[in-house]
$ cat coords_18.cif   # mmCIF, C-alpha atoms
data_work
loop_
_atom_site.label_atom_id
_atom_site.label_comp_id
_atom_site.auth_asym_id
_atom_site.auth_seq_id
_atom_site.Cartn_x
_atom_site.Cartn_y
_atom_site.Cartn_z
CA MET E 1 11.20 0.53 10.00
CA PHE E 2 13.49 1.86 7.30
CA TYR E 3 12.31 1.35 3.73
CA LYS E 4 14.15 1.96 0.51
CA ILE E 5 11.68 2.47 -2.34
CA TYR E 6 12.52 2.68 -6.04
CA LEU E 7 11.46 1.49 -9.49
CA GLU E 8 13.20 -1.29 -11.38
CA ASN E 9 11.98 -2.79 -14.68
CA ASN E 10 8.33 -1.71 -14.20
CA ASP E 11 8.36 -3.06 -10.66
CA LEU E 12 7.99 -1.07 -7.47
CA ILE E 13 10.69 -2.26 -5.10
CA ILE E 14 10.23 -1.94 -1.34
CA GLU E 15 13.42 -3.00 0.39
CA THR E 16 14.11 -3.50 4.09
CA PHE E 17 17.24 -4.62 5.88
CA PHE E 18 16.91 -8.23 4.66
CA LEU E 19 13.89 -8.46 2.34
CA LYS E 20 13.08 -7.06 -1.09
CA GLU E 21 9.44 -6.95 -2.24
CA LYS E 22 8.96 -6.71 -5.99
CA ILE E 23 5.52 -5.46 -7.00
CA ALA E 24 4.54 -5.33 -10.66
CA ILE E 25 3.14 -1.84 -11.16
CA ASP E 26 0.44 -3.15 -13.50
CA SER E 27 -0.76 -5.47 -10.71
CA ILE E 28 -1.81 -2.68 -8.35
CA ASP E 29 -5.60 -2.85 -7.98
CA ASP E 30 -6.55 -0.53 -5.11
CA ILE E 31 -4.91 1.69 -2.51
CA ILE E 32 -6.65 3.01 0.60
CA ILE E 33 -4.96 5.37 3.06
CA PHE E 34 -5.92 5.66 6.73
CA TYR E 35 -5.17 8.23 9.40
CA ASN E 36 -2.84 6.90 12.06
CA ARG E 37 -2.76 8.31 15.54
CA GLY E 38 1.02 8.41 15.44
CA PHE E 39 2.87 11.47 14.26
CA ASN E 40 3.84 11.74 10.58
CA LYS E 41 2.66 8.22 9.61
CA HIS E 42 -0.31 6.72 7.75
CA LYS E 43 -1.55 3.20 7.05
CA LEU E 44 -1.74 2.05 3.44
CA TYR E 45 -3.84 -0.91 2.40
CA THR E 46 -2.57 -1.89 -1.04
CA TYR E 47 -4.16 -4.70 -3.08
CA PHE E 48 -2.71 -6.54 -6.09
CA ASN E 49 -3.98 -8.92 -8.77
CA LYS E 50 -0.58 -10.69 -9.06
CA PRO E 51 1.42 -12.01 -6.10
CA ILE E 52 4.27 -10.00 -4.63
CA GLN E 53 7.70 -11.46 -5.40
CA TYR E 54 10.08 -11.68 -2.45
CA GLU E 55 13.86 -11.79 -2.54
CA LEU E 56 16.46 -12.02 0.16
CA THR E 57 18.91 -9.09 0.23
CA ARG E 58 21.40 -10.53 2.73
CA LYS E 59 22.99 -13.83 1.79
CA SER E 60 23.89 -15.45 5.10
CA TRP E 61 22.57 -18.76 6.43
CA PHE E 62 20.80 -16.96 9.30
CA TYR E 63 18.87 -14.66 6.96
CA GLN E 64 18.14 -17.58 4.64
CA ILE E 65 16.47 -19.42 7.52
CA LEU E 66 14.46 -16.31 8.46
CA PHE E 67 13.47 -15.89 4.82
CA GLU E 68 12.24 -19.48 4.55
CA ILE E 69 10.20 -19.08 7.74
CA PHE E 70 8.74 -15.83 6.38
CA LEU E 71 7.76 -17.50 3.09
CA ALA E 72 6.18 -20.44 4.92
CA PHE E 73 3.98 -18.23 7.10
CA ASN E 74 3.29 -15.34 4.72
CA THR E 75 -0.30 -15.70 3.54
CA GLU E 76 -0.66 -12.14 2.26
CA LYS E 77 0.85 -12.35 -1.21
CA PHE E 78 -1.87 -10.19 -2.80
CA ARG E 79 -2.01 -7.31 -0.33
CA ILE E 80 0.11 -5.19 1.97
CA TYR E 81 -1.25 -3.57 5.13
CA ARG E 82 1.53 -1.34 6.40
CA LEU E 83 2.32 1.84 8.28
CA TYR E 84 4.58 4.26 6.39
CA GLU E 85 6.06 7.64 7.20
CA ASN E 86 4.59 10.48 5.15
CA GLU E 87 7.88 11.03 3.28
CA ILE E 88 7.85 7.39 2.10
CA ILE E 89 4.22 7.70 0.96
CA THR E 90 5.04 10.88 -0.94
CA LEU E 91 8.03 9.20 -2.61
CA MET E 92 6.02 6.08 -3.46
CA PHE E 93 3.15 8.08 -4.98
CA SER E 94 5.53 10.26 -6.99
CA LEU E 95 7.18 7.12 -8.43
CA LEU E 96 3.81 5.51 -9.25
CA LYS E 97 1.99 8.60 -10.60
CA PRO E 98 3.27 8.27 -14.22
CA TYR E 99 2.05 4.64 -14.32
CA LEU E 100 -1.22 5.09 -12.40
CA PRO E 101 -2.69 8.32 -13.80
CA THR E 102 -5.71 8.37 -11.46
CA LEU E 103 -3.52 8.05 -8.34
CA ILE E 104 -4.23 10.98 -6.02
CA GLU E 105 -1.24 13.25 -5.40
CA THR E 106 -0.12 13.46 -1.77
CA LYS E 107 -0.43 17.27 -1.87
CA ASP E 108 -4.15 16.78 -2.60
CA LEU E 109 -4.48 14.40 0.37
CA ASP E 110 -3.42 16.95 3.02
CA LEU E 111 -1.69 14.31 5.13
CA ALA E 112 -1.09 16.78 7.96
CA ASN E 113 -4.86 17.10 8.51
CA SER E 114 -5.88 13.51 7.91
CA PHE E 115 -7.59 13.29 11.31
CA ILE E 116 -10.44 15.36 9.81
CA TRP E 117 -10.78 13.37 6.57
CA MET E 118 -14.35 12.43 5.73
CA THR E 119 -15.38 10.47 2.65
CA TYR E 120 -19.01 10.28 1.57
CA ASP E 121 -19.60 7.44 -0.87
CA GLU E 122 -22.81 5.67 -1.91
CA GLY E 123 -24.66 6.78 1.20
CA GLY E 124 -21.79 5.76 3.46
CA GLN E 125 -19.71 8.06 5.61
CA PHE E 126 -16.10 7.00 6.19
CA LYS E 127 -13.96 8.85 8.73
CA GLN E 128 -10.20 9.26 8.52
CA MET E 129 -9.71 7.29 5.32
CA LYS E 130 -9.51 7.95 1.59
CA LEU E 131 -9.38 5.88 -1.56
CA VAL E 132 -6.29 7.02 -3.44
CA TYR E 133 -6.39 4.59 -6.36
CA SER E 134 -8.79 2.11 -7.90
CA ARG E 135 -7.92 0.41 -11.20
CA GLU E 136 -11.60 -0.21 -11.92
CA GLY E 137 -12.64 3.31 -10.94
CA LEU E 138 -14.67 2.10 -7.98
CA GLY E 139 -15.63 4.27 -5.03
CA LEU E 140 -14.39 3.71 -1.50
CA LYS E 141 -17.44 1.71 -0.44
CA ARG E 142 -17.20 -0.66 -3.45
CA VAL E 143 -13.46 -1.18 -2.88
CA MET E 144 -14.08 -1.97 0.79
CA LEU E 145 -16.81 -4.44 -0.16
CA LYS E 146 -14.58 -6.01 -2.83
CA HIS E 147 -11.77 -6.65 -0.33
CA LYS E 148 -14.11 -7.63 2.52
CA ILE E 149 -13.14 -4.72 4.76
CA LEU E 150 -16.81 -3.81 4.79
CA LEU E 151 -19.49 -6.46 4.74
CA GLU E 152 -22.84 -5.95 3.04
CA LYS E 153 -25.95 -6.57 5.10
#

$ encode --input "coords_18.cif" --output "structure tokens"
Amino acid sequence: MFYKIYLENNDLIIETFFLKEKIAIDSIDDIIIFYNRGFNKHKLYTYFNKPIQYELTRKSWFYQILFEIFLAFNTEKFRIYRLYENEIITLMFSLLKPYLPTLIETKDLDLANSFIWMTYDEGGQFKQMKLVYSREGLGLKRVMLKHKILLEK
């Protein structure tokens, strides 16, 4: 899918052919990146402490109906799980870096070799994933527990 990503009034804007997602930069809590078996793409799990604001970009009755259906069924207002091309991830991180100083640079992630990523955190070993940002300075294991990706025994 084609995404247009830019900043507007301290919001990160992710725009598609009919939908605009407005994310307050100060609401970004955690970002985890995952290796994807596809070429030149990675999954980002991004979590927020304020809901994402949605706007319609095309003003026809058909798109208005689609938008209302989307709003009715969208239960993920505080997180985005999405597959992005590496160029989009690099652009997004470069836009966010001045606002999120502990955000890992994409050059430090080595996206081309993400299939060999290994993260050791609090006795856990996590393959093909990295924590790229945590507002609270948590490690990968704590972030995964916080968002119920990993369940404690």

$ closest_residue --input "coords_18.cif" --among "E:Leu131, E:Leu44, E:Ile31, E:Leu71" --to "E:Leu56" --atoms "all atoms listed in the file"
E:Leu71

$ closest_residue --input "coords_18.cif" --among "E:Gln53, E:Asn40, E:Thr46, E:Ser60" --to "E:Ala112" --atoms "only C-alpha atoms"
E:Asn40

$ closest_residue --input "coords_18.cif" --among "E:Tyr35, E:Tyr3, E:Tyr99, E:Phe48" --to "E:Ile116" --atoms "all atoms listed in the file"
E:Tyr35

$ atom_distance --input "coords_18.cif" --atom1 "atom CA of E:Gly139" --atom2 "atom CA of E:Thr106"
18.3 Å

$ closest_residue --input "coords_18.cif" --among "E:Thr75, E:Thr102, E:Asn10, E:Ser27" --to "E:Leu138" --atoms "all atoms listed in the file"
E:Thr102

$ resolve_selection --input "coords_18.cif" --expression "the PyMOL selection byres ((chain E and resi 140-151) around 12)" --output "count of residues only"
37

$ atom_distance --input "coords_18.cif" --atom1 "atom CA of E:Leu91" --atom2 "atom CA of E:Ile5"
7.7 Å

$ resolve_selection --input "coords_18.cif" --expression "the PyMOL selection byres ((chain E and resi 86) around 8)" --output "count of residues only"
10
